[in-house]
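**Q** Contents of target02.cif (mmCIF, C-alpha atoms) are below:
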data_structure
#
loop_
_atom_site.group_PDB
_atom_site.id
_atom_site.type_symbol
_atom_site.label_atom_id
_atom_site.label_comp_id
_atom_site.auth_asym_id
_atom_site.auth_seq_id
_atom_site.Cartn_x
_atom_site.Cartn_y
_atom_site.Cartn_z
ATOM 1 C CA MET J 7 7.122 -9.444 -28.472
ATOM 2 C CA PRO J 8 8.239 -11.213 -25.243
ATOM 3 C CA ASP J 9 11.369 -9.050 -24.995
ATOM 4 C CA GLN J 10 9.283 -5.889 -24.624
ATOM 5 C CA PRO J 11 9.479 -4.889 -20.948
ATOM 6 C CA LEU J 12 6.673 -4.127 -18.560
ATOM 7 C CA LEU J 13 6.754 -0.914 -16.582
ATOM 8 C CA LEU J 14 6.000 -1.615 -12.927
ATOM 9 C CA TRP J 15 4.622 1.568 -11.407
ATOM 10 C CA PHE J 16 5.299 1.332 -7.673
ATOM 11 C CA ARG J 17 3.423 3.664 -5.327
ATOM 12 C CA ARG J 18 2.344 2.489 -1.846
ATOM 13 C CA ASP J 19 3.557 -1.084 -2.390
ATOM 14 C CA LEU J 20 7.280 -0.928 -1.607
ATOM 15 C CA ARG J 21 7.921 -4.620 -0.990
ATOM 16 C CA LEU J 22 8.906 -7.873 -2.710
ATOM 17 C CA ALA J 23 6.791 -10.366 -0.731
ATOM 18 C CA ASP J 24 3.045 -10.945 -1.098
ATOM 19 C CA HIS J 25 2.875 -8.664 -4.127
ATOM 20 C CA PRO J 26 0.102 -9.655 -6.586
ATOM 21 C CA MET J 27 1.156 -7.084 -9.201
ATOM 22 C CA LEU J 28 4.771 -8.195 -9.101
ATOM 23 C CA ALA J 29 3.828 -11.884 -9.184
ATOM 24 C CA ALA J 30 1.611 -11.366 -12.244
ATOM 25 C CA ALA J 31 4.364 -9.394 -13.967
ATOM 26 C CA LEU J 32 6.886 -12.148 -13.279
ATOM 27 C CA ASP J 33 4.473 -14.708 -14.728
ATOM 28 C CA SER J 34 4.478 -12.763 -17.997
ATOM 29 C CA GLY J 35 8.088 -13.725 -18.626
ATOM 30 C CA ARG J 36 8.912 -10.188 -19.768
ATOM 31 C CA PRO J 37 11.747 -7.977 -18.601
ATOM 32 C CA LEU J 38 10.571 -5.795 -15.735
ATOM 33 C CA LEU J 39 11.310 -2.122 -15.292
ATOM 34 C CA PRO J 40 10.340 -0.786 -11.843
ATOM 35 C CA VAL J 41 9.578 2.929 -11.660
ATOM 36 C CA PHE J 42 8.527 5.384 -8.969
ATOM 37 C CA ILE J 43 6.961 8.674 -10.048
ATOM 38 C CA LEU J 44 6.939 11.811 -7.937
ATOM 39 C CA ASP J 45 3.736 13.180 -9.437
ATOM 40 C CA PRO J 46 1.564 16.089 -8.256
ATOM 41 C CA GLU J 47 -0.634 13.796 -6.174
ATOM 42 C CA THR J 48 2.425 12.508 -4.315
ATOM 43 C CA GLU J 49 3.965 15.954 -4.045
ATOM 44 C CA ALA J 50 0.826 17.092 -2.214
ATOM 45 C CA ILE J 51 1.239 14.860 0.839
ATOM 46 C CA GLY J 52 2.394 16.343 4.137
ATOM 47 C CA ALA J 53 5.972 17.034 5.152
ATOM 48 C CA ALA J 54 6.465 14.083 7.511
ATOM 49 C CA ALA J 55 4.718 11.662 5.165
ATOM 50 C CA LYS J 56 6.859 12.799 2.237
ATOM 51 C CA TRP J 57 10.051 12.413 4.254
ATOM 52 C CA ARG J 58 9.055 8.902 5.341
ATOM 53 C CA LEU J 59 8.118 8.006 1.765
ATOM 54 C CA GLY J 60 11.563 9.093 0.611
ATOM 55 C CA GLU J 61 13.151 6.812 3.203
ATOM 56 C CA GLY J 62 10.965 3.939 2.001
ATOM 57 C CA ILE J 63 11.884 4.557 -1.635
ATOM 58 C CA ALA J 64 15.602 4.486 -0.811
ATOM 59 C CA THR J 65 15.270 1.214 1.115
ATOM 60 C CA PHE J 66 13.161 -0.405 -1.596
ATOM 61 C CA ALA J 67 15.626 0.687 -4.295
ATOM 62 C CA ARG J 68 18.409 -1.133 -2.439
ATOM 63 C CA ALA J 69 16.253 -4.265 -2.181
ATOM 64 C CA LEU J 70 15.688 -4.214 -5.942
ATOM 65 C CA GLU J 71 19.393 -3.764 -6.596
ATOM 66 C CA ALA J 72 20.082 -6.874 -4.524
ATOM 67 C CA LEU J 73 17.945 -8.808 -7.029
ATOM 68 C CA GLY J 74 19.793 -7.436 -10.041
ATOM 69 C CA SER J 75 17.166 -4.802 -10.765
ATOM 70 C CA ARG J 76 16.828 -1.078 -10.041
ATOM 71 C CA LEU J 77 14.186 1.551 -9.356
ATOM 72 C CA VAL J 78 13.890 4.234 -12.029
ATOM 73 C CA LEU J 79 12.861 7.593 -10.565
ATOM 74 C CA ARG J 80 11.005 10.191 -12.604
ATOM 75 C CA ARG J 81 9.198 13.396 -11.673
ATOM 76 C CA GLY J 82 6.089 14.815 -13.337
ATOM 77 C CA PRO J 83 2.459 13.960 -14.118
ATOM 78 C CA ALA J 84 2.110 10.180 -14.009
ATOM 79 C CA LEU J 85 0.565 9.742 -17.448
ATOM 80 C CA GLU J 86 3.193 11.869 -19.169
ATOM 81 C CA VAL J 87 6.022 10.064 -17.402
ATOM 82 C CA LEU J 88 4.665 6.600 -18.203
ATOM 83 C CA GLN J 89 4.065 7.467 -21.845
ATOM 84 C CA ALA J 90 7.587 8.856 -22.141
ATOM 85 C CA LEU J 91 9.103 5.777 -20.507
ATOM 86 C CA ALA J 92 7.099 3.502 -22.795
ATOM 87 C CA ARG J 93 8.477 5.338 -25.831
ATOM 88 C CA GLU J 94 12.038 5.226 -24.491
ATOM 89 C CA THR J 95 11.983 1.538 -23.599
ATOM 90 C CA GLY J 96 9.519 0.029 -26.076
ATOM 91 C CA ALA J 97 7.462 -1.232 -23.144
ATOM 92 C CA GLU J 98 4.437 -3.406 -23.823
ATOM 93 C CA GLY J 99 2.436 -1.942 -20.970
ATOM 94 C CA VAL J 100 2.191 -0.802 -17.368
ATOM 95 C CA ARG J 101 1.196 -2.594 -14.171
ATOM 96 C CA TRP J 102 0.396 -1.130 -10.740
ATOM 97 C CA SER J 103 -1.287 -1.844 -7.403
ATOM 98 C CA ARG J 104 -4.597 -0.136 -6.695
ATOM 99 C CA LEU J 105 -5.076 2.796 -4.363
ATOM 100 C CA TYR J 106 -8.470 3.982 -3.136
ATOM 101 C CA ASP J 107 -8.366 7.654 -2.200
ATOM 102 C CA PRO J 108 -10.316 9.899 -4.597
ATOM 103 C CA ALA J 109 -7.262 11.655 -6.061
ATOM 104 C CA SER J 110 -5.509 8.366 -6.822
ATOM 105 C CA VAL J 111 -8.656 6.782 -8.255
ATOM 106 C CA ALA J 112 -9.193 9.715 -10.619
ATOM 107 C CA ARG J 113 -5.558 9.718 -11.701
ATOM 108 C CA ASP J 114 -5.435 5.962 -12.231
ATOM 109 C CA ARG J 115 -8.611 5.884 -14.297
ATOM 110 C CA GLN J 116 -7.233 8.579 -16.570
ATOM 111 C CA VAL J 117 -3.893 6.801 -16.864
ATOM 112 C CA LYS J 118 -5.449 3.430 -17.656
ATOM 113 C CA ALA J 119 -7.796 4.824 -20.305
ATOM 114 C CA ALA J 120 -5.077 6.873 -22.007
ATOM 115 C CA LEU J 121 -2.510 4.068 -22.025
ATOM 116 C CA ARG J 122 -4.966 1.610 -23.515
ATOM 117 C CA ALA J 123 -6.075 4.162 -26.096
ATOM 118 C CA GLY J 124 -2.419 4.496 -27.052
ATOM 119 C CA GLY J 125 -2.030 0.780 -27.661
ATOM 120 C CA LEU J 126 -0.380 -0.177 -24.378
ATOM 121 C CA SER J 127 -1.655 -2.734 -21.920
ATOM 122 C CA ALA J 128 -2.580 -1.298 -18.525
ATOM 123 C CA GLU J 129 -3.597 -3.417 -15.550
ATOM 124 C CA SER J 130 -4.177 -2.665 -11.885
ATOM 125 C CA HIS J 131 -3.929 -5.265 -9.135
ATOM 126 C CA ALA J 132 -5.084 -5.761 -5.570
ATOM 127 C CA GLY J 133 -2.623 -5.889 -2.707
ATOM 128 C CA HIS J 134 -3.330 -2.975 -0.347
ATOM 129 C CA LEU J 135 -6.342 -4.550 1.404
ATOM 130 C CA LEU J 136 -7.658 -7.914 2.531
ATOM 131 C CA HIS J 137 -10.778 -7.501 0.371
ATOM 132 C CA GLU J 138 -11.506 -5.085 -2.418
ATOM 133 C CA PRO J 139 -14.128 -2.585 -1.187
ATOM 134 C CA TRP J 140 -16.717 -3.676 -3.744
ATOM 135 C CA GLU J 141 -16.385 -7.362 -2.861
ATOM 136 C CA VAL J 142 -18.032 -7.128 0.575
ATOM 137 C CA GLN J 143 -21.774 -6.416 0.354
ATOM 138 C CA THR J 144 -24.771 -6.491 2.649
ATOM 139 C CA GLY J 145 -27.548 -8.995 2.107
ATOM 140 C CA GLN J 146 -29.361 -6.333 0.095
ATOM 141 C CA GLY J 147 -26.363 -5.778 -2.160
ATOM 142 C CA GLY J 148 -25.312 -2.437 -0.652
ATOM 143 C CA PHE J 149 -22.290 -1.374 1.370
ATOM 144 C CA TYR J 150 -21.805 -1.548 5.123
ATOM 145 C CA LYS J 151 -22.186 1.682 7.102
ATOM 146 C CA VAL J 152 -21.566 0.253 10.581
ATOM 147 C CA TYR J 153 -18.411 -1.552 11.696
ATOM 148 C CA THR J 154 -19.824 -4.498 13.670
ATOM 149 C CA PRO J 155 -21.932 -5.916 10.813
ATOM 150 C CA TYR J 156 -18.914 -5.445 8.538
ATOM 151 C CA TRP J 157 -16.703 -7.373 10.969
ATOM 152 C CA ASN J 158 -19.268 -10.166 11.166
ATOM 153 C CA ALA J 159 -19.340 -10.305 7.362
ATOM 154 C CA VAL J 160 -15.571 -10.611 6.891
ATOM 155 C CA ARG J 161 -14.365 -12.485 9.986
ATOM 156 C CA GLN J 162 -14.955 -15.866 8.325
ATOM 157 C CA ARG J 163 -14.387 -14.676 4.766
ATOM 158 C CA PRO J 164 -11.480 -16.552 3.125
ATOM 159 C CA VAL J 165 -8.236 -14.645 2.740
ATOM 160 C CA ALA J 166 -5.788 -16.023 0.190
ATOM 161 C CA ASP J 167 -2.366 -17.089 1.399
ATOM 162 C CA ALA J 168 0.442 -14.555 1.180
ATOM 163 C CA LEU J 169 2.614 -14.881 -1.912
ATOM 164 C CA PRO J 170 6.337 -15.696 -1.619
ATOM 165 C CA ALA J 171 8.890 -12.956 -2.110
ATOM 166 C CA ALA J 172 10.348 -12.398 -5.558
ATOM 167 C CA LYS J 173 13.872 -13.819 -5.826
ATOM 168 C CA ARG J 174 14.918 -12.184 -9.089
ATOM 169 C CA LEU J 175 13.539 -9.598 -11.484
ATOM 170 C CA PRO J 176 14.479 -10.036 -15.153
ATOM 171 C CA ALA J 177 16.121 -6.823 -16.282
ATOM 172 C CA PRO J 178 15.578 -4.995 -19.572
ATOM 173 C CA ALA J 179 18.375 -4.899 -22.129
ATOM 174 C CA GLN J 180 18.884 -1.193 -21.414
ATOM 175 C CA TRP J 181 17.904 0.968 -18.502
ATOM 176 C CA PRO J 182 16.439 4.449 -19.037
ATOM 177 C CA GLU J 183 17.834 7.455 -17.227
ATOM 178 C CA SER J 184 16.696 8.026 -13.665
ATOM 179 C CA ASP J 185 16.454 11.020 -11.370
ATOM 180 C CA ARG J 186 18.535 11.002 -8.207
ATOM 181 C CA LEU J 187 16.433 10.611 -5.068
ATOM 182 C CA GLU J 188 18.508 13.179 -3.184
ATOM 183 C CA ASP J 189 17.624 15.774 -5.827
ATOM 184 C CA TRP J 190 13.941 15.355 -4.934
ATOM 185 C CA ARG J 191 14.671 16.577 -1.377
ATOM 186 C CA MET J 192 11.769 14.585 0.031
ATOM 187 C CA GLY J 193 12.546 15.697 3.576
ATOM 188 C CA ALA J 194 13.191 19.382 2.879
ATOM 189 C CA SER J 195 9.965 20.589 4.492
ATOM 190 C CA MET J 196 10.804 18.706 7.670
ATOM 191 C CA GLN J 197 13.900 20.840 8.219
ATOM 192 C CA ARG J 198 15.507 19.842 11.545
ATOM 193 C CA GLY J 199 12.530 17.665 12.398
ATOM 194 C CA ALA J 200 13.696 14.886 10.093
ATOM 195 C CA ALA J 201 16.643 14.038 12.349
ATOM 196 C CA VAL J 202 14.313 13.882 15.356
ATOM 197 C CA VAL J 203 11.724 11.644 13.692
ATOM 198 C CA ALA J 204 14.368 9.385 12.120
ATOM 199 C CA ARG J 205 15.216 7.948 15.545
ATOM 200 C CA TYR J 206 11.706 6.519 15.806
ATOM 201 C CA ALA J 207 11.015 5.469 12.229
ATOM 202 C CA SER J 208 11.076 1.875 11.098
ATOM 203 C CA VAL J 209 11.667 1.666 7.364
ATOM 204 C CA GLY J 210 11.438 -1.120 4.822
ATOM 205 C CA GLU J 211 10.073 -4.595 4.332
ATOM 206 C CA ALA J 212 12.591 -6.378 6.566
ATOM 207 C CA ALA J 213 11.878 -3.937 9.387
ATOM 208 C CA ALA J 214 8.144 -4.474 8.955
ATOM 209 C CA GLN J 215 8.463 -8.225 9.213
ATOM 210 C CA ALA J 216 10.727 -7.922 12.253
ATOM 211 C CA ARG J 217 8.279 -5.533 13.916
ATOM 212 C CA LEU J 218 5.401 -7.966 13.326
ATOM 213 C CA ARG J 219 7.388 -10.842 14.839
ATOM 214 C CA GLY J 220 8.330 -8.747 17.845
ATOM 215 C CA PHE J 221 4.731 -7.728 18.443
ATOM 216 C CA LEU J 222 3.438 -11.289 18.204
ATOM 217 C CA ASP J 223 6.122 -12.590 20.558
ATOM 218 C CA ALA J 224 6.096 -9.850 23.193
ATOM 219 C CA ARG J 225 2.931 -7.722 23.124
ATOM 220 C CA LEU J 226 -0.004 -9.452 21.460
ATOM 221 C CA GLU J 227 -1.043 -11.298 24.614
ATOM 222 C CA ARG J 228 -1.746 -8.013 26.453
ATOM 223 C CA TYR J 229 -2.973 -6.112 23.422
ATOM 224 C CA ALA J 230 -6.694 -6.043 24.279
ATOM 225 C CA GLU J 231 -6.287 -4.354 27.653
ATOM 226 C CA ALA J 232 -3.037 -2.393 27.143
ATOM 227 C CA ARG J 233 -3.380 -0.948 23.638
ATOM 228 C CA ASP J 234 -5.091 2.247 24.830
ATOM 229 C CA LEU J 235 -2.556 3.049 27.579
ATOM 230 C CA PRO J 236 -0.208 5.787 26.299
ATOM 231 C CA GLY J 237 2.569 4.858 28.724
ATOM 232 C CA VAL J 238 2.698 1.212 27.642
ATOM 233 C CA GLU J 239 4.242 -0.030 24.411
ATOM 234 C CA ALA J 240 1.424 -2.411 23.514
ATOM 235 C CA THR J 241 0.497 -1.780 19.873
ATOM 236 C CA SER J 242 1.966 -3.362 16.758
ATOM 237 C CA ARG J 243 3.303 -0.057 15.326
ATOM 238 C CA LEU J 244 2.732 -1.509 11.866
ATOM 239 C CA SER J 245 0.671 1.366 10.517
ATOM 240 C CA GLU J 246 3.615 3.154 8.885
ATOM 241 C CA HIS J 247 4.588 -0.061 7.106
ATOM 242 C CA LEU J 248 1.026 -0.637 5.940
ATOM 243 C CA THR J 249 0.853 2.941 4.687
ATOM 244 C CA TYR J 250 3.802 2.471 2.350
ATOM 245 C CA GLY J 251 3.030 -1.125 1.477
ATOM 246 C CA GLU J 252 6.116 -2.557 3.146
ATOM 247 C CA ILE J 253 3.920 -5.316 4.556
ATOM 248 C CA THR J 254 0.442 -6.447 3.562
ATOM 249 C CA PRO J 255 -2.674 -6.744 5.735
ATOM 250 C CA ARG J 256 -2.907 -10.272 4.357
ATOM 251 C CA ALA J 257 0.418 -11.250 5.937
ATOM 252 C CA ILE J 258 -0.648 -9.624 9.204
ATOM 253 C CA TRP J 259 -4.081 -11.289 9.099
ATOM 254 C CA HIS J 260 -2.682 -14.781 8.718
ATOM 255 C CA ALA J 261 -0.169 -14.197 11.511
ATOM 256 C CA GLY J 262 -2.990 -12.974 13.749
ATOM 257 C CA MET J 263 -5.193 -15.922 12.836
ATOM 258 C CA ARG J 264 -2.427 -18.357 13.744
ATOM 259 C CA ALA J 265 -2.174 -16.678 17.133
ATOM 260 C CA LEU J 266 -5.957 -16.824 17.545
ATOM 261 C CA HIS J 267 -6.005 -20.555 16.829
ATOM 262 C CA GLU J 268 -3.199 -20.981 19.364
ATOM 263 C CA GLY J 269 -5.378 -19.272 21.980
ATOM 264 C CA VAL J 270 -3.375 -16.055 22.418
ATOM 265 C CA PRO J 271 -5.743 -13.726 24.364
ATOM 266 C CA GLY J 272 -5.232 -10.500 22.373
ATOM 267 C CA ALA J 273 -5.402 -12.034 18.922
ATOM 268 C CA GLU J 274 -9.076 -11.448 18.123
ATOM 269 C CA LYS J 275 -8.926 -7.823 19.248
ATOM 270 C CA PHE J 276 -5.905 -7.274 17.039
ATOM 271 C CA LEU J 277 -7.666 -8.840 14.046
ATOM 272 C CA LYS J 278 -10.628 -6.544 14.660
ATOM 273 C CA GLU J 279 -8.304 -3.544 14.443
ATOM 274 C CA VAL J 280 -6.926 -4.814 11.132
ATOM 275 C CA VAL J 281 -10.534 -4.969 9.912
ATOM 276 C CA TRP J 282 -11.159 -1.395 11.102
ATOM 277 C CA ARG J 283 -8.607 -0.379 8.475
ATOM 278 C CA GLU J 284 -10.532 -2.419 5.914
ATOM 279 C CA PHE J 285 -13.806 -0.831 6.943
ATOM 280 C CA SER J 286 -12.343 2.658 6.547
ATOM 281 C CA TYR J 287 -11.326 1.891 2.968
ATOM 282 C CA HIS J 288 -14.733 0.293 2.378
ATOM 283 C CA LEU J 289 -16.403 3.570 3.385
ATOM 284 C CA LEU J 290 -13.905 5.659 1.428
ATOM 285 C CA HIS J 291 -14.655 3.720 -1.736
ATOM 286 C CA HIS J 292 -18.424 3.954 -1.406
ATOM 287 C CA THR J 293 -18.570 7.491 0.012
ATOM 288 C CA PRO J 294 -15.426 9.221 -1.317
ATOM 289 C CA GLN J 295 -16.639 12.601 -0.098
ATOM 290 C CA ILE J 296 -15.604 11.636 3.444
ATOM 291 C CA ALA J 297 -12.017 12.373 2.444
ATOM 292 C CA SER J 298 -12.828 16.076 2.565
ATOM 293 C CA GLU J 299 -16.177 16.576 4.313
ATOM 294 C CA ASN J 300 -18.389 15.087 6.984
ATOM 295 C CA TRP J 301 -20.317 11.962 6.121
ATOM 296 C CA ARG J 302 -23.561 13.454 7.440
ATOM 297 C CA ASN J 303 -24.666 17.057 7.077
ATOM 298 C CA ASP J 304 -25.787 17.233 10.699
ATOM 299 C CA TRP J 305 -22.190 16.589 11.776
ATOM 300 C CA GLN J 306 -20.957 19.855 10.244
ATOM 301 C CA SER J 307 -21.222 21.684 13.570
ATOM 302 C CA PHE J 308 -19.159 19.137 15.529
#
Render the structure in this file as C-alpha cells.
**A**
Amino acid sequence: MPDQPLLLWFRRDLRLADHPMLAAALDSGRPLLPVFILDPETEAIGAAAKWRLGEGIATFARALEALGSRLVLRRGPALEVLQALARETGAEGVRWSRLYDPASVARDRQVKAALRAGGLSAESHAGHLLHEPWEVQTGQGGFYKVYTPYWNAVRQRPVADALPAAKRLPAPAQWPESDRLEDWRMGASMQRGAAVVARYASVGEAAAQARLRGFLDARLERYAEARDLPGVEATSRLSEHLTYGEITPRAIWHAGMRALHEGVPGAEKFLKEVVWREFSYHLLHHTPQIASENWRNDWQSF
C-alpha cells in the first residue's frame, strides 16, 4: 500500500543534500519516517566522537523539522528497534546508507537478512564514498594495495553529479514515540572537556558547506605547500563533516575539480587527499582485519 511509510535509518549521513538513500525514498512516494538508533555499535565509539555525534544529531533533527518532518530517536539493538518500529507504524520497509567498517557490515547484513525474512523490504544505498570499494579493480580483477596506482585508476573515473537537497519529506499519518536526545547524555564521558571542544567544532550540513566555500576561497591555493605546517591554517577541516555525513566526498570532489580546471595551484593535491580517504575504505573493505591488527605480520614489532 502506498500509504505505508518507509523507515529511513540515518547513521553517518546526517544531511539533506546529495543523499542517494533519501532521494530513492522520496521517489517511492511513500511517507518517510526518519530514525536514529543508539545501538551497541554506536555506543562503543569514543567519548569525543560520541559527543560530536550527539551535536550532529541535534542539528540534523532541527533541519528535518524545518521540512515538516522529525527524527525519531530509539535506543537498543538496531534490528530489534527497526522491527518494533515497523510493527508500530505499519512500515513497508527500511532504507539506509552503507557503512564499511567490519562491525557495521556485520550488523547491516544481519539486519537486512532478518527484515527481508520478516516480509519487509530492506535496501542499502551508496553515499559515503566516491566509489564503492568493490567497483575499483586492478587489471587482474583484484584490489589495489598501493595508493599511487589507485589514484591513477580513479582520477579520470566518472563521478556522478551531486543530488539536490530535499525540500520536503512527506510525513506519516502518525508519529511513533521518540526518546529525548538529552536523556542519551551523548557527551557525558567528555565531562568538562565538552565545553572546551565545543569552541572548535563545526556542526551540521550548513556549516560543512560554508567551511568548504571558505577553504576554496582562502586556502586552497596554498594547500600543497602549507598543509603540513602546524602553525598555518591551510587544510579544509572537512574531516569531521565527512565522518558524520554532513557533506559528501562527491560534493567536495566536484568543487575541487572545478578549481583544478580553473588552474588553482593546490587543487590536484587536495583531490589526491580526498582519494586517500577512498583508498583507506578500499583497503578496509578488502582487508577488514586492518581495523584491529597490522596488515602484514612482519609489522607487528613496529
**Q** Tell me which of J:Tyr229, J:Ala72, J:Gln10, J:Ile51 sits closest to Ala172 (chain J), counting all atoms listed in the file.
**A**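 Closest residue, counting all atoms listed in the file: J:Ala72.
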**Q** At a cut-off of 12 Å from (-4.0, -2.6, 20.8) in the coordinates of the file, what residues are picked up using all atoms listed in the file, written as a PyMOL selection string?
**A** chain J and resi 221-222+225-236+238-245+271-280
**Q** Can you write just those residues out, C-alpha atoms, as a short mmCIF file (atom, residue, chain, number, x, y, z; two decimals), in the coordinates of the input?
**A**
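Everything below was put into selection.cif:
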data_model
loop_
_atom_site.label_atom_id
_atom_site.label_comp_id
_atom_site.auth_asym_id
_atom_site.auth_seq_id
_atom_site.Cartn_x
_atom_site.Cartn_y
_atom_site.Cartn_z
CA PHE J 221 4.73 -7.73 18.44
CA LEU J 222 3.44 -11.29 18.20
CA ARG J 225 2.93 -7.72 23.12
CA LEU J 226 0.00 -9.45 21.46
CA GLU J 227 -1.04 -11.30 24.61
CA ARG J 228 -1.75 -8.01 26.45
CA TYR J 229 -2.97 -6.11 23.42
CA ALA J 230 -6.69 -6.04 24.28
CA GLU J 231 -6.29 -4.35 27.65
CA ALA J 232 -3.04 -2.39 27.14
CA ARG J 233 -3.38 -0.95 23.64
CA ASP J 234 -5.09 2.25 24.83
CA LEU J 235 -2.56 3.05 27.58
CA PRO J 236 -0.21 5.79 26.30
CA VAL J 238 2.70 1.21 27.64
CA GLU J 239 4.24 -0.03 24.41
CA ALA J 240 1.42 -2.41 23.51
CA THR J 241 0.50 -1.78 19.87
CA SER J 242 1.97 -3.36 16.76
CA ARG J 243 3.30 -0.06 15.33
CA LEU J 244 2.73 -1.51 11.87
CA SER J 245 0.67 1.37 10.52
CA PRO J 271 -5.74 -13.73 24.36
CA GLY J 272 -5.23 -10.50 22.37
CA ALA J 273 -5.40 -12.03 18.92
CA GLU J 274 -9.08 -11.45 18.12
CA LYS J 275 -8.93 -7.82 19.25
CA PHE J 276 -5.90 -7.27 17.04
CA LEU J 277 -7.67 -8.84 14.05
CA LYS J 278 -10.63 -6.54 14.66
CA GLU J 279 -8.30 -3.54 14.44
CA VAL J 280 -6.93 -4.81 11.13
#
**Q** For the PyMOL selection byres ((chain J and resi 196) around 10), applied here, can you spell out every residue it catches as a list of chain:residue names?
**A** J:Gly52, J:Ala53, J:Ala54, J:Ala55, J:Lys56, J:Trp57, J:Met192, J:Gly193, J:Ala194, J:Ser195, J:Gln197, J:Arg198, J:Gly199, J:Ala200, J:Ala201, J:Val202, J:Val203
**Q** For the residues in that selection, give me C-alpha atoms as a PDB file, keeping the file's coordinate frame.
**A**
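Below is the file part23.pdb, written as the result:
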ATOM      1  CA  GLY J  52       2.394  16.343   4.137  1.00  0.00           C
ATOM      2  CA  ALA J  53       5.972  17.034   5.152  1.00  0.00           C
ATOM      3  CA  ALA J  54       6.465  14.083   7.511  1.00  0.00           C
ATOM      4  CA  ALA J  55       4.718  11.662   5.165  1.00  0.00           C
ATOM      5  CA  LYS J  56       6.859  12.799   2.237  1.00  0.00           C
ATOM      6  CA  TRP J  57      10.051  12.413   4.254  1.00  0.00           C
ATOM      7  CA  MET J 192      11.769  14.585   0.031  1.00  0.00           C
ATOM      8  CA  GLY J 193      12.546  15.697   3.576  1.00  0.00           C
ATOM      9  CA  ALA J 194      13.191  19.382   2.879  1.00  0.00           C
ATOM     10  CA  SER J 195       9.965  20.589   4.492  1.00  0.00           C
ATOM     11  CA  GLN J 197      13.900  20.840   8.219  1.00  0.00           C
ATOM     12  CA  ARG J 198      15.507  19.842  11.545  1.00  0.00           C
ATOM     13  CA  GLY J 199      12.530  17.665  12.398  1.00  0.00           C
ATOM     14  CA  ALA J 200      13.696  14.886  10.093  1.00  0.00           C
ATOM     15  CA  ALA J 201      16.643  14.038  12.349  1.00  0.00           C
ATOM     16  CA  VAL J 202      14.313  13.882  15.356  1.00  0.00           C
ATOM     17  CA  VAL J 203      11.724  11.644  13.692  1.00  0.00           C
TER      18      VAL J 203
END
**Q** Within 12 Å of (0.9, 0.6, -16.7) (file coordinates; only C-alpha atoms), which protein or nucleic acid residues are there? I'd like them as a ChimeraX atom specification.
**A** /J:11-16,27,31,38-42,84-92,97-104,114-122,124-131
**Q** How would the residues just chosen look if you wrote them out with C-alpha atoms as a PDB file, in the frame of the given file?
**A**
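Written output follows (again.pdb):
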ATOM      1  CA  PRO J  11       9.479  -4.889 -20.948  1.00  0.00           C
ATOM      2  CA  LEU J  12       6.673  -4.127 -18.560  1.00  0.00           C
ATOM      3  CA  LEU J  13       6.754  -0.914 -16.582  1.00  0.00           C
ATOM      4  CA  LEU J  14       6.000  -1.615 -12.927  1.00  0.00           C
ATOM      5  CA  TRP J  15       4.622   1.568 -11.407  1.00  0.00           C
ATOM      6  CA  PHE J  16       5.299   1.332  -7.673  1.00  0.00           C
ATOM      7  CA  MET J  27       1.156  -7.084  -9.201  1.00  0.00           C
ATOM      8  CA  ALA J  31       4.364  -9.394 -13.967  1.00  0.00           C
ATOM      9  CA  LEU J  38      10.571  -5.795 -15.735  1.00  0.00           C
ATOM     10  CA  LEU J  39      11.310  -2.122 -15.292  1.00  0.00           C
ATOM     11  CA  PRO J  40      10.340  -0.786 -11.843  1.00  0.00           C
ATOM     12  CA  VAL J  41       9.578   2.929 -11.660  1.00  0.00           C
ATOM     13  CA  PHE J  42       8.527   5.384  -8.969  1.00  0.00           C
ATOM     14  CA  ALA J  84       2.110  10.180 -14.009  1.00  0.00           C
ATOM     15  CA  LEU J  85       0.565   9.742 -17.448  1.00  0.00           C
ATOM     16  CA  GLU J  86       3.193  11.869 -19.169  1.00  0.00           C
ATOM     17  CA  VAL J  87       6.022  10.064 -17.402  1.00  0.00           C
ATOM     18  CA  LEU J  88       4.665   6.600 -18.203  1.00  0.00           C
ATOM     19  CA  GLN J  89       4.065   7.467 -21.845  1.00  0.00           C
ATOM     20  CA  ALA J  90       7.587   8.856 -22.141  1.00  0.00           C
ATOM     21  CA  LEU J  91       9.103   5.777 -20.507  1.00  0.00           C
ATOM     22  CA  ALA J  92       7.099   3.502 -22.795  1.00  0.00           C
ATOM     23  CA  ALA J  97       7.462  -1.232 -23.144  1.00  0.00           C
ATOM     24  CA  GLU J  98       4.437  -3.406 -23.823  1.00  0.00           C
ATOM     25  CA  GLY J  99       2.436  -1.942 -20.970  1.00  0.00           C
ATOM     26  CA  VAL J 100       2.191  -0.802 -17.368  1.00  0.00           C
ATOM     27  CA  ARG J 101       1.196  -2.594 -14.171  1.00  0.00           C
ATOM     28  CA  TRP J 102       0.396  -1.130 -10.740  1.00  0.00           C
ATOM     29  CA  SER J 103      -1.287  -1.844  -7.403  1.00  0.00           C
ATOM     30  CA  ARG J 104      -4.597  -0.136  -6.695  1.00  0.00           C
ATOM     31  CA  ASP J 114      -5.435   5.962 -12.231  1.00  0.00           C
ATOM     32  CA  ARG J 115      -8.611   5.884 -14.297  1.00  0.00           C
ATOM     33  CA  GLN J 116      -7.233   8.579 -16.570  1.00  0.00           C
ATOM     34  CA  VAL J 117      -3.893   6.801 -16.864  1.00  0.00           C
ATOM     35  CA  LYS J 118      -5.449   3.430 -17.656  1.00  0.00           C
ATOM     36  CA  ALA J 119      -7.796   4.824 -20.305  1.00  0.00           C
ATOM     37  CA  ALA J 120      -5.077   6.873 -22.007  1.00  0.00           C
ATOM     38  CA  LEU J 121      -2.510   4.068 -22.025  1.00  0.00           C
ATOM     39  CA  ARG J 122      -4.966   1.610 -23.515  1.00  0.00           C
ATOM     40  CA  GLY J 124      -2.419   4.496 -27.052  1.00  0.00           C
ATOM     41  CA  GLY J 125      -2.030   0.780 -27.661  1.00  0.00           C
ATOM     42  CA  LEU J 126      -0.380  -0.177 -24.378  1.00  0.00           C
ATOM     43  CA  SER J 127      -1.655  -2.734 -21.920  1.00  0.00           C
ATOM     44  CA  ALA J 128      -2.580  -1.298 -18.525  1.00  0.00           C
ATOM     45  CA  GLU J 129      -3.597  -3.417 -15.550  1.00  0.00           C
ATOM     46  CA  SER J 130      -4.177  -2.665 -11.885  1.00  0.00           C
ATOM     47  CA  HIS J 131      -3.929  -5.265  -9.135  1.00  0.00           C
TER      48      HIS J 131
END
